[in-house]
Number of protein chains: 8
Amino acid sequence: MAGPDAVDLGFARVDVDREARQGLPEVVYGSGKTPDQIVAIVRTLLRHNDGPVLATRVESDAAASVLAAVPGGSYDSVARLLVWRPAAPTGFGVVVAAAGTADLPVAREAAAVATAVGLGVTTVTDVGVAGLHRLLAEQDRLRAADTVIVVAGMEGALASAVGGLVDCPVVAVPTSTGYGASLEGITALLAMHASCAAGITVVNIDSGFGAAMAAFRLARVAGRTP
Amino acid sequence: MAGPDAVDLGFARVDVDREARQGLPEVVYGSGKTPDQIVAIVRTLLRHNDGPVLATRVESDAAASVLAAVPGGSYDSVARLLVWRPAAPTGFGVVVAAAGTADLPVAREAAAVATAVGLGVTTVTDVGVAGLHRLLAEQDRLRAADTVIVVAGMEGALASAVGGLVDCPVVAVPTSTGYGASLEGITALLAMHASCAAGITVVNIDSGFGAAMAAFRLARVAGRTP
Amino acid sequence: MAGPDAVDLGFARVDVDREARQGLPEVVYGSGKTPDQIVAIVRTLLRHNDGPVLATRVESDAAASVLAAVPGGSYDSVARLLVWRPAAPTGFGVVVAAAGTADLPVAREAAAVATAVGLGVTTVTDVGVAGLHRLLAEQDRLRAADTVIVVAGMEGALASAVGGLVDCPVVAVPTSTGYGASLEGITALLAMHASCAAGITVVNIDSGFGAAMAAFRLARVAGRTP
Amino acid sequence: MAGPDAVDLGFARVDVDREARQGLPEVVYGSGKTPDQIVAIVRTLLRHNDGPVLATRVESDAAASVLAAVPGGSYDSVARLLVWRPAAPTGFGVVVAAAGTADLPVAREAAAVATAVGLGVTTVTDVGVAGLHRLLAEQDRLRAADTVIVVAGMEGALASAVGGLVDCPVVAVPTSTGYGASLEGITALLAMHASCAAGITVVNIDSGFGAAMAAFRLARVAGRTP
Amino acid sequence: MAGPDAVDLGFARVDVDREARQGLPEVVYGSGKTPDQIVAIVRTLLRHNDGPVLATRVESDAAASVLAAVPGGSYDSVARLLVWRPAAPTGFGVVVAAAGTADLPVAREAAAVATAVGLGVTTVTDVGVAGLHRLLAEQDRLRAADTVIVVAGMEGALASAVGGLVDCPVVAVPTSTGYGASLEGITALLAMHASCAAGITVVNIDSGFGAAMAAFRLARVAGRTP
Amino acid sequence: MAGPDAVDLGFARVDVDREARQGLPEVVYGSGKTPDQIVAIVRTLLRHNDGPVLATRVESDAAASVLAAVPGGSYDSVARLLVWRPAAPTGFGVVVAAAGTADLPVAREAAAVATAVGLGVTTVTDVGVAGLHRLLAEQDRLRAADTVIVVAGMEGALASAVGGLVDCPVVAVPTSTGYGASLEGITALLAMHASCAAGITVVNIDSGFGAAMAAFRLARVAGRTP
Amino acid sequence: MAGPDAVDLGFARVDVDREARQGLPEVVYGSGKTPDQIVAIVRTLLRHNDGPVLATRVESDAAASVLAAVPGGSYDSVARLLVWRPAAPTGFGVVVAAAGTADLPVAREAAAVATAVGLGVTTVTDVGVAGLHRLLAEQDRLRAADTVIVVAGMEGALASAVGGLVDCPVVAVPTSTGYGASLEGITALLAMHASCAAGITVVNIDSGFGAAMAAFRLARVAGRTP
Amino acid sequence: MAGPDAVDLGFARVDVDREARQGLPEVVYGSGKTPDQIVAIVRTLLRHNDGPVLATRVESDAAASVLAAVPGGSYDSVARLLVWRPAAPTGFGVVVAAAGTADLPVAREAAAVATAVGLGVTTVTDVGVAGLHRLLAEQDRLRAADTVIVVAGMEGALASAVGGLVDCPVVAVPTSTGYGASLEGITALLAMHASCAAGITVVNIDSGFGAAMAAFRLARVAGRTP
């Protein structure tokens with residue numbers, strides 16, 4: 001038995017009460033799970049909840065198997081995201097700002113998850129601080145956002161620069177791009193924490209998903225989730 | 001000259017436009033500054049802005065000198081915070097949850113800064129995960145919050161537990177409490193990022209100030225700042 | 001020559017006296033050994049001892065070769081464990097608690113080794129601290145255990161929570177699941193050591209084997225090994 | 001209010017139910033607390049429980065103040081431990097083995113805490129592996145133990161050696177002794193985890209307290225606590 | 001004996017040929033040397049060379065003793081620098097850009113050393129990337145430089161931003177300012193290396209001296225040293 | 001839209017103004033980009049600028065596709081560099097000094113990039129400090145350089161030795177050669193920063209490109225770029 | 001040109017004077033070199049010197065090509081070592097002691113290189129400190145050695161134990177065996193340095209070659225090389 | 001009781017058999033011991049052995065107390081070493097080579113310990129690789145040594161350079177001199193291990209004592225100890 005709020009599948013105990021508790025069903029972390037395991041969890045979530053159902057970090061082969069078994073879903077191969085029953089869009093506007101081309105897959109995960117849970121998303125790319133004029137050209141778009149998700153690897157400096165430009169919440173996602181001293185994203189993570197811009201917050205390396213969920217929590221407190 | 005928006009004091013270039021740009025004047029980071037430098041910056045901010053003026057990480061001796069030179073301020077010796085012209089309270093409710101007694105100074109900095117910028121603050125203490133019943137006894141208070149600031153050192157597990165209990169934004173502050181494997185807060189910082197709870201965000205070690213400023217940004221987007 | 005208590009196979013010196021000394025024959029660490037080497041050591045152990053003989057971290061191809069050469073054994077492909085002459089079950093009850101689905105292979109190694117050496121094992125899964133109600137639903141089972149083995153990656157917070165719920169020994173196994181700030185299990189290892197719960201102990205990353213052997217030592221001192 | 005099981009002192013929420021739940025009252029971690037805070041918590045624990053009350057990491061000045069305010073206690077200045085109402089000795093025998101003279105303060109904390117909670121303690125010192133004959137001379141004493149606590153800094157090799165000599169539980173405490181490559185105890189902690197001896201477990205750096213509490217949990221499961 | 005090009009003082013072997021070889025006498029690293037040792041080396045350098053003689057990282061007490069013993073020198077207490085026979089100014093223009101007030105002592109060391117060896121120095125302060133308008137207000141001055149020395153701690157992002165604004169050499173000096181994730185300057189050092197701006201170079205943490213010497217080498221190759 | 005100075009390709013925003021601003025078009029970082037993406041950026045750069053166009057870290061398969069689509073380029077398979085419209089050689093002389101054979105690919109990247117942007121390049125190899133006579137045999141060549149790029153892995157000691165031999169700028173490139181304690185180049189990077197030779201500067205691990213661009217900046221300030 | 005003592009092959013500058021200078025020709029580090037490069041260097045060394053010629057870290061395919069091109073050599077596939085003209089054995093006796101089976105390839109490299117340069121080698125295996133009786137059974141053999149090379153991964157404790165048993169030089173080789181807290185050999189390297197046994201020395205991780213060369217230097221000073 | 005070969009002083013178990021076993025009595029590590037403890041151990045060693053008795057890392061105050069209580073000893077305040085009954089000098093020649101002035105205290109510990117145990121010691125200073133001519137001027141002295149102890153902090157490059165110049169054993173001692181990227185000696189330790197010079201060995205950071213003891217072991221195998 002798995003408690004009143006969970007369905008026990010043997011290999012997993014699905015938290016079917018989370019939608020009531022947190023406004024969104026549990027999200028399936030696909031990495032390390034077989035397609036059969038993903039299918040079983042997704043079916044359980046679809047059955048016991050009404051909201052959007054997501055599976056992250058699913059490679060394309062596995063995604064095809066899962067979609068065949070559980071119809072009605074869609075797959076974003078850059079974001080590696082499966083979605084069923086996406087939420088209707090709300091008026092909460094998120095800008096995802098990616099420092100460079102190499103940061104785009106993570107930015108796409110952030111954007112696709114945020115969209116699936118009902119946020120309005122705009123993406124701006126290639127606005128790294130080594131080309132400030134490209135960043136400044138996007139100032140108006142950034143300042144109009146309800147939340148900015150900054151996606152940057154290497155030295156992660158974009159988070160500080162954006163933090164100083166806007167007054168809304170800034171969620172920084174360090175990425176594992178770069179080489180050598182980038183230390184697989186550790187340098188960007190530390191640098192974002194050491195930032196001289198006050199009040200920016202940080203999520204795990206490459207976690208576009210985490211940033212989107214943080215934005216979802218913000219939208220809830222602002223009263224703008226579905 | 002320091003640009004149209006800044007007042008150049010020689011040793012510092014005060015950003016007097018920040019209030020217009022971000023809703024709050026620049027905050028003085030007291031560590032490493034002389035009382036005279038703090039006085040000069042605070043006077044400049046009081047003159048060019050209307051909102052609250054804060055100086056963080058000011059030791060008590062320095063605070064006394066500064067308060068004597070710039071009347072009208074108050075000092076919180078646990079938070080090591082100086083405040084002039086605190087904002088009127090708004091309806092945005094922040095709960096600061098501290099895992100243990102040793103985390104209280106950082107929790108106090110978070111609470112005092114948040115209060116000074118107009119947020120409504122409640123503090124709950126000693127709710128570390130090794131005594132889950134103490135945490136669960138505070139569930140209702142946590143769930144009523146607009147934002148929870150979790151302050152925890154050692155293994156930082158409180159952030160994950162709170163992240164699963166509430167649906168509002170959770171800002172985690174790792175602290176440098178503990179010894180040995182705590183690595184001066186690095187372990188808590190990493191653990192909070194690795195958390196299994198979706199959508200929690202993290203600020204720098206011991207940065208109660210950073211968490212409060214993150215909450216202020218949230219309050220702005222929720223339309224509940226002064 | 002290899003001393004009175006060891007059989008020298010050239011590439012290894014098998015400690016055939018360990019059963020007399022420590023109650024259990026030497027266990028073969030399969031990683032990096034050829035099937036022929038494993039066969040030779042297992043045969044030596046079976047010949048010179050009476051108790052259970054185990055080989056850990058054996059991949060399925062190698063396992064098949066070894067089983068063909070040394071009949072009477074069984075293989076658990078999730079735990080990657082080979083066992084001959086498993087011990088009869090005793091009354092010492094171990095609960096293996098796994099935080100998430102990704103931790104199951106390590107949990108299975110712990111459970112399979114513990115079972116093979118005669119302990120009574122129950123496994124509970126998906127009880128990470130981000131869903132406290134799932135953990136609390138298992139309280140009675142955890143409190144009835146003689147020892148709890150906690151298997152958790154990411155931030156490893158489950159160890160602290162369980163440590164506060166039960167009064168029996170808690171052996172924590174950090175796992176290398178997660179990404180980014182999880183640092184291949186280092187973060188969980190450090191966090192478990194920094195834990196605020198008193199008296200929990202920790203073994204190496206991914207070492208389900210080590211935790212089971214620790215439990216076996218506990219069962220001996222409690223007078224409940226075969 | 002602090003929940004039915006806790007007494008709220010404002011700066012701390014004392015877990016007065018722990019004795020019922022885990023067989024031993026909460027232990028006060030003295031580091032970073034004022035004498036007044038320690039006094040208040042100790043009084044609360046003495047009033048609401050019947051068992052031994054301990055405060056660890058209390059420097060001698062603070063200890064004198066606390067003892068003056070709360071009579072009936074005793075102080076061990078090497079272990080930096082305050083004890084009221086020590087438990088009557090039971091038949092559970094712990095050997096604390098310290099590798100070198102520099103490890104003695106941590107060994108003493110382990111021994112003093114274990115004694116205070118009712119375990120029978122013997123200490124052997126200066127048995128580092130660079131002098132194997134000194135270690136082997138203590139074999140009989142080690143083998144007669146119900147549990148061995150190994151206290152060692154530098155390379156921490158004693159844990160492996162003892163792990164191979166005895167069949168009872170071995171709890172290893174890395175210490176911050178040594179210099180340079182010892183990395184304040186991190187090297188010993190890692191080395192103890194990497195140990196080639198099966199089934200030894202590890203606690204935090206310098207945590208004699210943690211090791212003693214782990215032994216207390218063992219004694220409970222062996223049915224030999226008061 | 002110390003070779004034809006060195007004077008052996010017992011505790012040091014002064015490289016009196018360096019001026020001929022590299023255009024500048026050896027510079028005395030004052031940290032860890034007694035005033036008497038500094039005096040002896042400075043005298044040797046003054047006697048055997050014609051150019052400027054510098055001693056870095058000299059605290060004020062020691063500086064007073066040295067100046068009393070070797071007349072004709074001057075001391076900068078912020079830069080902790082002693083100078084005899086400063087070079088005449090040349091037309092090579094260096095801008096030292098400091099991110100924040102806390103970076104000023106390192107910036108001052110860079111400026112004072114550069115001035116002493118004959119470079120023309122301008123300092124701009126408080127131009128961290130969290131206030132881009134302050135940085136942009138200094139664009140013209142930065143673009144007019146022959147070399148920019150960027151002094152920044154915390155996340156070190158200023159180096160990337162400046163690297164993108166100017167076409168001259170940029171030498172970045174990470175500083176040990178900040179706390180927590182700043183890791184005493186390691187984060188800034190790594191971030192500056194991971195920078196997305198092409199062709200910026202980095203010197204050791206807090207080494208204003210190193211940056212000034214790098215600028216001196218640049219001035220030589222540009223044909224603009226005395 | 002991408003601002004007046006950038007061409008927005010969707011996945012990238014090409015900085016076509018950089019040639020005017022910094023004397024050289026943006027360089028394409030090939031790693032992680034598809035051949036199609038590289039082709040699009042290269043075409044944009046060729047169209048909007050007049051100078052050399054480079055793409056670094058392009059594997060040979062991708063290079064063939066790109067060259068087929070954008071004629072007129074050449075590929076260096078050791079340096080993994082694509083070049084169109086190389087600059088005419090100027091009189092600025094760079095010596096690339098490689099410590100060992102394993103450092104040659106990085107040295108080649110430095111040499112090929114430097115040549116493509118118009119610098120005069122000589123390479124000397126196998127001059128590691130464990131064979132000082134080989135290094136000293138190259139003294140004259142090193143001293144004649146306008147800039148020396150030192151490429152060295154393992155302990156990176158060549159940078160210190162060269163820094164003491166020459167008076168021109170020295171740019172050190174740590175490489176990821178070596179094993180064990182070399183830590184993938186981190187050791188060389190740290191060692192080069194800790195160097196006892198004054199005024200040498202360092203770029204990222206394996207970044208022959210970064211060193212060449214630093215040399216280009218030097219050539220500009222010396223007035224010797226095209 | 002490569003100086004009077006070196007032959008320049010373009011990609012390498014062979015130090016043909018090393019035999020005269022250090023008693024042994026340069027040894028070829030095979031990793032990262034093509035078979036053709038190895039062939040060219042080996043031929044140069046055979047032509048210009050009289051002593052043994054070695055190439056380390058050569059995989060079996062490459063070894064076959066090289067042996068076909070340069071007859072007279074032999075290959076040890078476990079040690080991955082190629083040898084031409086091995087030295088005649090001398091009376092200098094080296095014992096290579098390996099802690100476990102997984103350490104054998106590194107032990108074999110040490111033994112094969114030492115043999116090739118004329119030392120007398122005995123190997124003892126599986127003498128890790130978790131089975132002290134196996135180590136003690138080899139005491140006589142260890143004490144008869146002129147030098148002991150200790151090869152151990154995981155916690156590296158064997159070095160301390162051997163250091164206390166013998167009075168001759170002990171050269172410790174940490175290996176990258178083990179998992180988790182072993183950190184690819186870093187833990188063993190640090191632990192060996194922190195060892196409580198006086199006068200043991202350490203070489204790089206997995207460097208059986210380095211240990212053998214250290215032994216060769218010892219044999220020279222003892223007057224017992226060919 | 002402490003075994004037949006040890007004298008138990010309660011806080012320490014003195015290994016009085018070590019002189020017979022290893023040719024030299026146990027050496028007292030003074031750090032963390034009280035003068036009374038040092039006195040007791042030194043007296044025990046003087047009584048039970050005939051050879052030299054040493055206590056390392058003894059501060060001057062403690063040294064004075066110990067010398068007053070145990071006459072006949074001498075104290076070297078730079079090396080922080082106490083010696084009784086120094087050995088007569090033998091013909092084994094050690095050169096201690098220190099890279100810079102800041103390395104002298106560690107060099108002095110190496111020299112003083114080596115002298116006390118009967119080796120012939122010469123010290124050369126200030127021969128860092130940034131001034132190769134100073135190193136080369138000492139070539140003859142280095143080549144005449146039986147063993148060279150290299151003492152160097154910062155980047156530790158001197159070990160590689162000396163390793164290539166001499167054919168005798170080279171023992172490298174990294175020191176904690178330098179700042180920033182020197183990481184308290186860790187960088188030098190790693191760099192010395194990563195060295196391109198074959199057969200050099202390394203001891204712990206700042207361990208002049210360890211290097212001297214390694215040299216003593218070498219002298220024994222060369223047959224040149226008293």
# chains A, B, ... in the order shown; residues from 1 in each chain; ligands from 1
$ residues_around --residues "Glu19 (chain D)" --least-positions-apart "6" --cutoff "10 Å" --atoms "only C-alpha atoms" --output "ChimeraX atom specification"
/C:167 /D:25-26,45,48-52
$ write_last_selection --atoms "N, CA and C atoms" --output "PDB file, in the first residue's frame"
ATOM      1  N   ASP C 167      14.400   4.675  16.029  1.00  0.00           N
ATOM      2  CA  ASP C 167      15.433   4.637  17.064  1.00  0.00           C
ATOM      3  C   ASP C 167      16.461   3.540  16.814  1.00  0.00           C
TER       4      ASP C 167
ATOM      5  N   PRO D  25      16.677  11.661  25.372  1.00  0.00           N
ATOM      6  CA  PRO D  25      16.276  13.040  25.084  1.00  0.00           C
ATOM      7  C   PRO D  25      17.157  13.655  23.998  1.00  0.00           C
ATOM      8  N   GLU D  26      16.643  14.719  23.385  1.00  0.00           N
ATOM      9  CA  GLU D  26      17.424  15.537  22.465  1.00  0.00           C
ATOM     10  C   GLU D  26      18.744  15.933  23.142  1.00  0.00           C
ATOM     11  N   LEU D  45      14.628  20.077  29.164  1.00  0.00           N
ATOM     12  CA  LEU D  45      14.798  18.633  28.967  1.00  0.00           C
ATOM     13  C   LEU D  45      14.753  17.890  30.298  1.00  0.00           C
ATOM     14  N   HIS D  48      11.034  17.663  31.408  1.00  0.00           N
ATOM     15  CA  HIS D  48      10.068  16.881  30.634  1.00  0.00           C
ATOM     16  C   HIS D  48      10.503  15.443  30.370  1.00  0.00           C
ATOM     17  N   ASN D  49      11.716  15.089  30.766  1.00  0.00           N
ATOM     18  CA  ASN D  49      12.186  13.732  30.504  1.00  0.00           C
ATOM     19  C   ASN D  49      12.805  13.144  31.765  1.00  0.00           C
ATOM     20  N   ASP D  50      13.111  11.869  31.702  1.00  0.00           N
ATOM     21  CA  ASP D  50      13.733  11.198  32.851  1.00  0.00           C
ATOM     22  C   ASP D  50      15.178  10.778  32.594  1.00  0.00           C
ATOM     23  N   GLY D  51      15.571  10.732  31.348  1.00  0.00           N
ATOM     24  CA  GLY D  51      16.863  10.144  31.005  1.00  0.00           C
ATOM     25  C   GLY D  51      18.017  11.127  31.104  1.00  0.00           C
ATOM     26  N   PRO D  52      19.182  10.723  30.655  1.00  0.00           N
ATOM     27  CA  PRO D  52      20.369  11.568  30.687  1.00  0.00           C
ATOM     28  C   PRO D  52      20.189  12.793  29.782  1.00  0.00           C
TER      29      PRO D  52
END
$ interface_residues --of "chain D" --to "chain B" --cutoff "8 Å" --atoms "only C-alpha atoms" --output "list in words"
Ala2, Gly3, Asp5, Ala6, Gly10, Phe11, Ala12, Arg13, Asp15, Gly32, Lys33, Glu184, Gly185, Ile186, Asn204, Ile205 and Asp206 of chain D
$ write_last_selection --atoms "all heavy atoms" --output "tab-separated table (two decimals), in the first residue's frame"
chain	number	residue	atom	x	y	z
D	2	ALA	N	4.17	25.13	19.54
D	2	ALA	CA	5.22	24.35	18.91
D	2	ALA	C	4.83	22.91	18.62
D	2	ALA	O	5.69	22.08	18.39
D	2	ALA	CB	6.46	24.37	19.80
D	3	GLY	N	3.56	22.62	18.57
D	3	GLY	CA	3.13	21.23	18.35
D	3	GLY	C	3.04	20.53	19.68
D	3	GLY	O	3.62	20.97	20.68
D	5	ASP	N	4.45	18.01	20.90
D	5	ASP	CA	5.62	17.31	21.42
D	5	ASP	C	6.81	18.23	21.67
D	5	ASP	O	7.92	17.76	21.93
D	5	ASP	CB	6.07	16.23	20.43
D	5	ASP	CG	4.92	15.39	19.96
D	5	ASP	OD1	3.99	15.16	20.75
D	5	ASP	OD2	4.96	14.97	18.79
D	6	ALA	N	6.62	19.53	21.51
D	6	ALA	CA	7.76	20.42	21.59
D	6	ALA	C	7.45	21.58	22.50
D	6	ALA	O	6.31	22.02	22.61
D	6	ALA	CB	8.13	20.92	20.20
D	10	GLY	N	11.25	30.13	21.92
D	10	GLY	CA	11.47	31.32	21.10
D	10	GLY	C	12.64	31.09	20.17
D	10	GLY	O	12.48	30.99	18.96
D	11	PHE	N	13.83	30.96	20.72
D	11	PHE	CA	15.02	30.72	19.89
D	11	PHE	C	15.17	29.24	19.56
D	11	PHE	O	16.00	28.86	18.75
D	11	PHE	CB	16.26	31.22	20.63
D	11	PHE	CG	16.48	30.51	21.93
D	11	PHE	CD1	17.22	29.34	21.99
D	11	PHE	CD2	15.91	30.99	23.11
D	11	PHE	CE1	17.40	28.66	23.18
D	11	PHE	CE2	16.08	30.31	24.31
D	11	PHE	CZ	16.82	29.15	24.35
D	12	ALA	N	14.40	28.38	20.21
D	12	ALA	CA	14.49	26.95	19.96
D	12	ALA	C	13.17	26.31	20.33
D	12	ALA	O	12.41	26.85	21.13
D	12	ALA	CB	15.62	26.32	20.77
D	13	ARG	N	12.92	25.16	19.76
D	13	ARG	CA	11.70	24.41	19.94
D	13	ARG	C	12.16	23.05	20.45
D	13	ARG	O	12.61	22.22	19.67
D	13	ARG	CB	11.07	24.31	18.56
D	13	ARG	CG	9.74	23.74	18.41
D	13	ARG	CD	9.35	23.84	16.93
D	13	ARG	NE	9.34	25.22	16.46
D	13	ARG	CZ	8.24	25.80	15.94
D	13	ARG	NH1	7.14	25.11	15.79
D	13	ARG	NH2	8.29	27.04	15.54
D	15	ASP	N	12.46	19.40	21.56
D	15	ASP	CA	11.76	18.16	21.19
D	15	ASP	C	11.64	17.25	22.42
D	15	ASP	O	12.41	16.32	22.60
D	15	ASP	CB	12.59	17.50	20.08
D	15	ASP	CG	11.97	16.21	19.56
D	15	ASP	OD1	10.90	15.81	20.05
D	15	ASP	OD2	12.58	15.62	18.66
D	32	GLY	N	27.86	27.83	19.35
D	32	GLY	CA	27.05	28.91	18.82
D	32	GLY	C	25.86	29.29	19.69
D	32	GLY	O	25.09	30.16	19.32
D	33	LYS	N	25.69	28.59	20.82
D	33	LYS	CA	24.60	28.97	21.73
D	33	LYS	C	25.20	29.71	22.93
D	33	LYS	O	26.29	29.39	23.39
D	33	LYS	CB	23.85	27.73	22.21
D	33	LYS	CG	23.08	27.02	21.12
D	33	LYS	CD	21.92	26.19	21.68
D	33	LYS	CE	21.13	25.52	20.57
D	33	LYS	NZ	21.88	24.45	19.86
D	184	GLU	N	42.00	19.07	6.42
D	184	GLU	CA	41.11	19.26	7.58
D	184	GLU	C	40.17	18.08	7.81
D	184	GLU	O	39.04	18.28	8.26
D	184	GLU	CB	40.26	20.53	7.38
D	184	GLU	CG	41.03	21.76	7.00
D	184	GLU	CD	41.69	22.39	8.22
D	184	GLU	OE1	41.02	22.55	9.23
D	184	GLU	OE2	42.91	22.66	8.13
D	185	GLY	N	40.58	16.91	7.45
D	185	GLY	CA	39.75	15.72	7.72
D	185	GLY	C	39.04	15.17	6.50
D	185	GLY	O	38.54	14.04	6.53
D	186	ILE	N	38.97	15.94	5.44
D	186	ILE	CA	38.28	15.47	4.22
D	186	ILE	C	38.97	14.23	3.68
D	186	ILE	O	38.31	13.27	3.24
D	186	ILE	CB	38.28	16.58	3.14
D	186	ILE	CG1	37.47	17.78	3.61
D	186	ILE	CG2	37.75	16.04	1.82
D	186	ILE	CD1	35.99	17.54	3.75
D	204	ASN	N	30.54	12.00	10.56
D	204	ASN	CA	31.14	13.28	10.17
D	204	ASN	C	32.52	13.49	10.84
D	204	ASN	O	32.81	12.92	11.88
D	204	ASN	CB	30.20	14.43	10.54
D	204	ASN	CG	30.54	15.74	9.82
D	204	ASN	OD1	31.41	15.77	8.95
D	204	ASN	ND2	29.88	16.82	10.19
D	205	ILE	N	33.32	14.34	10.24
D	205	ILE	CA	34.65	14.70	10.74
D	205	ILE	C	34.56	15.21	12.18
D	205	ILE	O	33.74	16.08	12.48
D	205	ILE	CB	35.25	15.78	9.82
D	205	ILE	CG1	35.46	15.22	8.40
D	205	ILE	CG2	36.55	16.31	10.39
D	205	ILE	CD1	35.72	16.28	7.35
D	206	ASP	N	35.40	14.67	13.03
D	206	ASP	CA	35.50	15.08	14.44
D	206	ASP	C	34.25	14.79	15.26
D	206	ASP	O	34.12	15.28	16.39
D	206	ASP	CB	35.82	16.59	14.57
D	206	ASP	CG	37.24	16.92	14.11
D	206	ASP	OD1	38.08	16.01	14.10
D	206	ASP	OD2	37.50	18.08	13.77
$ closest_residue --among "A:Ala116, A:Val70, A:Val148, A:Leu165" --to "Val96 (chain A)" --atoms "only C-alpha atoms"
A:Val148
$ residues_around --residues "Thr115 (chain F)" --least-positions-apart "2" --cutoff "12 Å" --atoms "only C-alpha atoms" --output "PyMOL selection string"
chain F and resi 52+54+76+79+81+83+85-96+108-113+117-123+209+212-213+215-216+225
$ residues_around --residues "Gly153 (chain C)" --least-positions-apart "6" --cutoff "6 Å" --atoms "only C-alpha atoms" --output "ChimeraX atom specification"
/C:174-177,188
$ write_last_selection --atoms "all heavy atoms" --output "compact mmCIF listing (two decimals), in the first residue's frame"
# COMPACT_ATOMS: atom_id res chain seq x y z
N PRO C 174 24.56 6.97 -0.10
CA PRO C 174 24.37 7.99 -1.14
C PRO C 174 24.46 7.33 -2.51
O PRO C 174 25.24 6.41 -2.71
CB PRO C 174 25.55 8.94 -0.92
CG PRO C 174 26.59 8.14 -0.18
CD PRO C 174 25.86 7.07 0.59
N THR C 175 23.65 7.81 -3.46
CA THR C 175 23.74 7.25 -4.82
C THR C 175 24.16 8.33 -5.82
O THR C 175 24.03 9.53 -5.56
CB THR C 175 22.40 6.65 -5.28
OG1 THR C 175 21.46 7.70 -5.50
CG2 THR C 175 21.86 5.65 -4.27
N SER C 176 24.63 7.87 -6.95
CA SER C 176 25.13 8.79 -7.98
C SER C 176 24.04 9.26 -8.92
O SER C 176 24.32 9.72 -10.01
CB SER C 176 26.26 8.12 -8.76
OG SER C 176 25.82 6.90 -9.31
N THR C 177 22.79 9.13 -8.52
CA THR C 177 21.70 9.63 -9.37
C THR C 177 21.68 11.16 -9.34
O THR C 177 22.31 11.78 -8.51
CB THR C 177 20.35 9.11 -8.86
OG1 THR C 177 20.20 9.52 -7.50
CG2 THR C 177 20.29 7.61 -8.94
N ALA C 188 25.35 14.06 -2.08
CA ALA C 188 24.55 13.26 -1.15
C ALA C 188 25.43 12.71 -0.03
O ALA C 188 25.04 12.69 1.14
CB ALA C 188 23.86 12.11 -1.89
$ residues_around --residues "Pro71 (chain D)" --least-positions-apart "4" --cutoff "10 Å" --atoms "only C-alpha atoms" --output "ChimeraX atom specification"
/D:66-67,84
$ write_last_selection --atoms "C-alpha atoms" --output "compact mmCIF listing (two decimals), in the first residue's frame"
# COMPACT_ATOMS: atom_id res chain seq x y z
CA VAL D 66 25.74 26.57 32.94
CA LEU D 67 26.74 24.27 35.81
CA TRP D 84 23.20 15.50 33.91
$ atom_distance --atom1 "CA of Ser65 (chain B)" --atom2 "CA of Asp36 (chain B)"
8.5 Å
$ select_by_dssp --residues "region 46-155 of chain F" --states "alpha helix (DSSP H)" --output "ChimeraX atom specification"
/F:46-48,60-69,104-116,132-136,139-143
$ select_by_dssp --residues "region 23-153 of chain D" --states "strand (DSSP E or B)" --output "MDAnalysis selection string"
chainID D and resid 28:29 53:56 73:76 81:84 93:98 120:125 147:152
